[in-house]
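What follows is one structure encoded as structure tokens, with my remarks underneath.
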Amino acid sequence: MMRDYETIEADTALDIVMQSMTPLAPQTVSTFAALDLVLAEDVFAQEDLPPFPCSSKDGFAVIANDTTNPRRLIGEQTAGYIADLRVEPGTCARITTGAPLPPGADAVIMVEYTREADGMVTMETTVKPHADVRPVGQDIANDQQVLAAGTRLGPQEIGLLASLGYTSVVAYPRPRVAVLSTGNEIVEPDAQPAPGQIRDSNRYTLMAAVQRCGAEPVSLGIGTD
């Protein structure tokens with residue numbers, strides 16, 4: 001059979017296509033619309049995380065080296081606000097996981113290791129300074145690089161960006177890929193094929209594959225022979 005061109009391997013054809021491609025210009029996009037996009041710039045933390053020393057357990061905020069036992073319960077510090085209290089020797093404050101450590105306290109004792117009665121808290125074990133306290137910047141330090149250019153943004157990266165206050169990022173936009181079917185025998189899936197015709201499946205398969213790869217498919221419909 002005579003051909004007007006030489007047949008080449010698929011991998012060779014792909015190399016030719018890739019050599020002719022250039023990256024799309026980066027754009028600023030909403031963080032929450034950036035799933036599967038690729039970052040064009042490094043991302044740095046704008047603050048410490050956590051931004052304040054906080055408890056990693058439910059229990060009582062105490063002064064670790066205080067030997068008073070039992071200790072007077074002076075109030076409660078829960079997550080989401082700053083209570084008006086200060087832990088002094090001989091006192092403690094109830095605290096919940098994630099709550100800011102009250103002034104004066106330097107440790108947290110788990111509630112499982114205490115007994116509470118009549119406004120007094122008995123510690124059944126000792127604690128060391130900073131026990132069960134998450135220090136400022138334990139997870140992420142201010143100015144720390146958290147994501148590198150070239151990172152594909154998945155659900156975890158989107159959550160990380162949100163936790164650091166990033167509502168937009170600079171990323172490469174999704175490529176737009178046009179898909180065209182050809183053939184006089186091809187009709188749309190919602191059409192009733194006439195004798196000798198079949199419904200188009202290739203275009204929809206390819207558009208789904210384009211979408212799965214993170215690009216935006218553009219249907220050009222059906223062209224005739």
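Ordering of the structure tokens sets the chain letters (A, B, ...), residue numbers begin anew at 1 in every chain, and ligands are numbered from 1 in the order given.
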
Each region 125-214 of chain A residue no farther than 7 Å from region 19-40 of chain A, nearest pair in Å, only C-alpha atoms, as a tab-separated table:
```
residue	atom	partner	partner_atom	distance
A:Ala149	CA	A:Leu39	CA	5.0
A:Gly150	CA	A:Leu39	CA	5.2
A:Thr151	CA	A:Leu39	CA	5.4
A:Arg152	CA	A:Val38	CA	4.3
A:Leu153	CA	A:Asp36	CA	4.9
A:Gly154	CA	A:Leu35	CA	5.7
A:Pro155	CA	A:Leu35	CA	6.9
A:Ile158	CA	A:Thr31	CA	6.5
A:Tyr166	CA	A:Thr31	CA	6.9
A:Thr167	CA	A:Thr31	CA	5.1
A:Ser168	CA	A:Ser30	CA	4.3
A:Val169	CA	A:Thr28	CA	5.5
A:Val170	CA	A:Thr28	CA	4.4
A:Ala171	CA	A:Leu39	CA	4.3
A:Tyr172	CA	A:Pro26	CA	4.4
A:Pro173	CA	A:Gln27	CA	6.5
A:Arg174	CA	A:Leu37	CA	6.8
A:Gly214	CA	A:Asp36	CA	6.2
```

So that I have them on file, write out the residues from the current selection with N, CA and C atoms, as a PDB file, in the first residue's frame.
```
ATOM      1  N   ALA A 149       7.258  25.877  43.681  1.00  0.00           N
ATOM      2  CA  ALA A 149       6.775  26.011  42.310  1.00  0.00           C
ATOM      3  C   ALA A 149       6.879  24.657  41.612  1.00  0.00           C
ATOM      4  N   GLY A 150       5.871  24.323  40.841  1.00  0.00           N
ATOM      5  CA  GLY A 150       5.838  23.032  40.175  1.00  0.00           C
ATOM      6  C   GLY A 150       5.011  21.996  40.909  1.00  0.00           C
ATOM      7  N   THR A 151       4.524  22.355  42.109  1.00  0.00           N
ATOM      8  CA  THR A 151       3.688  21.430  42.874  1.00  0.00           C
ATOM      9  C   THR A 151       2.286  21.393  42.303  1.00  0.00           C
ATOM     10  N   ARG A 152       1.764  20.189  42.082  1.00  0.00           N
ATOM     11  CA  ARG A 152       0.364  20.059  41.680  1.00  0.00           C
ATOM     12  C   ARG A 152      -0.498  20.138  42.939  1.00  0.00           C
ATOM     13  N   LEU A 153      -1.491  20.989  42.911  1.00  0.00           N
ATOM     14  CA  LEU A 153      -2.296  21.260  44.089  1.00  0.00           C
ATOM     15  C   LEU A 153      -3.396  20.210  44.255  1.00  0.00           C
ATOM     16  N   GLY A 154      -3.274  19.403  45.315  1.00  0.00           N
ATOM     17  CA  GLY A 154      -4.301  18.444  45.664  1.00  0.00           C
ATOM     18  C   GLY A 154      -5.126  18.958  46.827  1.00  0.00           C
ATOM     19  N   PRO A 155      -6.068  18.160  47.340  1.00  0.00           N
ATOM     20  CA  PRO A 155      -6.890  18.598  48.470  1.00  0.00           C
ATOM     21  C   PRO A 155      -6.063  19.010  49.683  1.00  0.00           C
ATOM     22  N   ILE A 158      -4.565  22.479  49.113  1.00  0.00           N
ATOM     23  CA  ILE A 158      -5.608  23.507  49.188  1.00  0.00           C
ATOM     24  C   ILE A 158      -5.904  23.821  50.660  1.00  0.00           C
ATOM     25  N   TYR A 166      -4.147  32.044  52.436  1.00  0.00           N
ATOM     26  CA  TYR A 166      -4.015  32.262  50.993  1.00  0.00           C
ATOM     27  C   TYR A 166      -5.354  32.004  50.314  1.00  0.00           C
ATOM     28  N   THR A 167      -5.988  33.054  49.828  1.00  0.00           N
ATOM     29  CA  THR A 167      -7.238  32.899  49.092  1.00  0.00           C
ATOM     30  C   THR A 167      -7.019  32.893  47.583  1.00  0.00           C
ATOM     31  N   SER A 168      -5.787  33.148  47.155  1.00  0.00           N
ATOM     32  CA  SER A 168      -5.448  33.064  45.735  1.00  0.00           C
ATOM     33  C   SER A 168      -3.995  32.634  45.607  1.00  0.00           C
ATOM     34  N   VAL A 169      -3.661  32.037  44.474  1.00  0.00           N
ATOM     35  CA  VAL A 169      -2.299  31.598  44.186  1.00  0.00           C
ATOM     36  C   VAL A 169      -1.985  31.875  42.730  1.00  0.00           C
ATOM     37  N   VAL A 170      -0.705  31.906  42.413  1.00  0.00           N
ATOM     38  CA  VAL A 170      -0.270  32.056  41.020  1.00  0.00           C
ATOM     39  C   VAL A 170       0.035  30.660  40.491  1.00  0.00           C
ATOM     40  N   ALA A 171      -0.732  30.254  39.481  1.00  0.00           N
ATOM     41  CA  ALA A 171      -0.615  28.894  38.957  1.00  0.00           C
ATOM     42  C   ALA A 171      -0.785  28.905  37.449  1.00  0.00           C
ATOM     43  N   TYR A 172      -0.380  27.794  36.842  1.00  0.00           N
ATOM     44  CA  TYR A 172      -0.580  27.654  35.402  1.00  0.00           C
ATOM     45  C   TYR A 172      -2.020  27.237  35.136  1.00  0.00           C
ATOM     46  N   PRO A 173      -2.698  27.894  34.186  1.00  0.00           N
ATOM     47  CA  PRO A 173      -4.099  27.555  33.922  1.00  0.00           C
ATOM     48  C   PRO A 173      -4.218  26.188  33.256  1.00  0.00           C
ATOM     49  N   ARG A 174      -5.414  25.651  33.297  1.00  0.00           N
ATOM     50  CA  ARG A 174      -5.669  24.376  32.636  1.00  0.00           C
ATOM     51  C   ARG A 174      -5.567  24.540  31.119  1.00  0.00           C
ATOM     52  N   GLY A 214      -6.683  16.784  33.878  1.00  0.00           N
ATOM     53  CA  GLY A 214      -6.639  18.116  34.444  1.00  0.00           C
ATOM     54  C   GLY A 214      -6.775  19.237  33.441  1.00  0.00           C
TER      55      GLY A 214
END
```

Distance table requested - region 6-80 of chain A against region 100-109 of chain A, cut-off 9 Å, only C-alpha atoms: one row per qualifying residue with the closest atom pair and its distance in Å to one decimal, ordered by chain and rising residue number, as CSV.
```
residue,atom,partner,partner_atom,distance
A:Phe52,CA,A:Pro100,CA,6.4
A:Pro53,CA,A:Leu101,CA,5.8
A:Cys54,CA,A:Pro100,CA,4.3
A:Ser55,CA,A:Leu101,CA,6.3
A:Ser56,CA,A:Val108,CA,8.3
A:Lys57,CA,A:Val108,CA,7.5
A:Asp58,CA,A:Ile109,CA,8.2
A:Gly59,CA,A:Ile109,CA,5.5
A:Phe60,CA,A:Ile109,CA,5.4
A:Ala61,CA,A:Val108,CA,4.5
A:Val62,CA,A:Ala105,CA,4.9
A:Ile63,CA,A:Ala105,CA,4.9
A:Ala64,CA,A:Ala107,CA,5.8
A:Gln77,CA,A:Pro102,CA,7.2
A:Thr78,CA,A:Pro100,CA,7.6
A:Ala79,CA,A:Pro100,CA,6.8
A:Gly80,CA,A:Pro100,CA,8.2
```

Next item on the list: With a distance cut-off of 9 Å and only C-alpha atoms, select the neighbouring residues of Val218 (chain A), excluding the residue or stretch itself and same-chain residues fewer than 5 positions from it, and output the selection as a list in words.
Entry: Arg176, Val177, Ala178, Val179, Leu180 and Met207 of chain A

Item checked: Residue neighbourhood Thr205 (chain A), 12 Å, only C-alpha atoms, exclusion window fewer than 6 positions, as a PyMOL selection string -> chain A and resi 179-181+211-212+217+219

Residues from last step as file, C-alpha atoms, as a CSV table (one decimal), in the first residue's frame:
```csv
chain,number,residue,atom,x,y,z
A,179,VAL,CA,-11.6,17.3,20.2
A,180,LEU,CA,-13.2,16.7,16.9
A,181,SER,CA,-14.9,13.6,15.5
A,211,GLN,CA,-10.7,16.1,31.8
A,212,ARG,CA,-9.1,13.3,33.9
A,217,PRO,CA,-12.0,19.7,26.9
A,219,SER,CA,-16.0,19.9,21.8
```

Margin query: Please extract the residues of chain A with a backbone DSSP assignment of strand (DSSP E) and present them as a PyMOL selection string.
Written below: chain A and resi 27-30+38-39+43-44+54-55+59-62+71-77+91-95+107-110+114-117+120-123+133-134+145-147+168-172+176-182+186-187+198-199+216-223
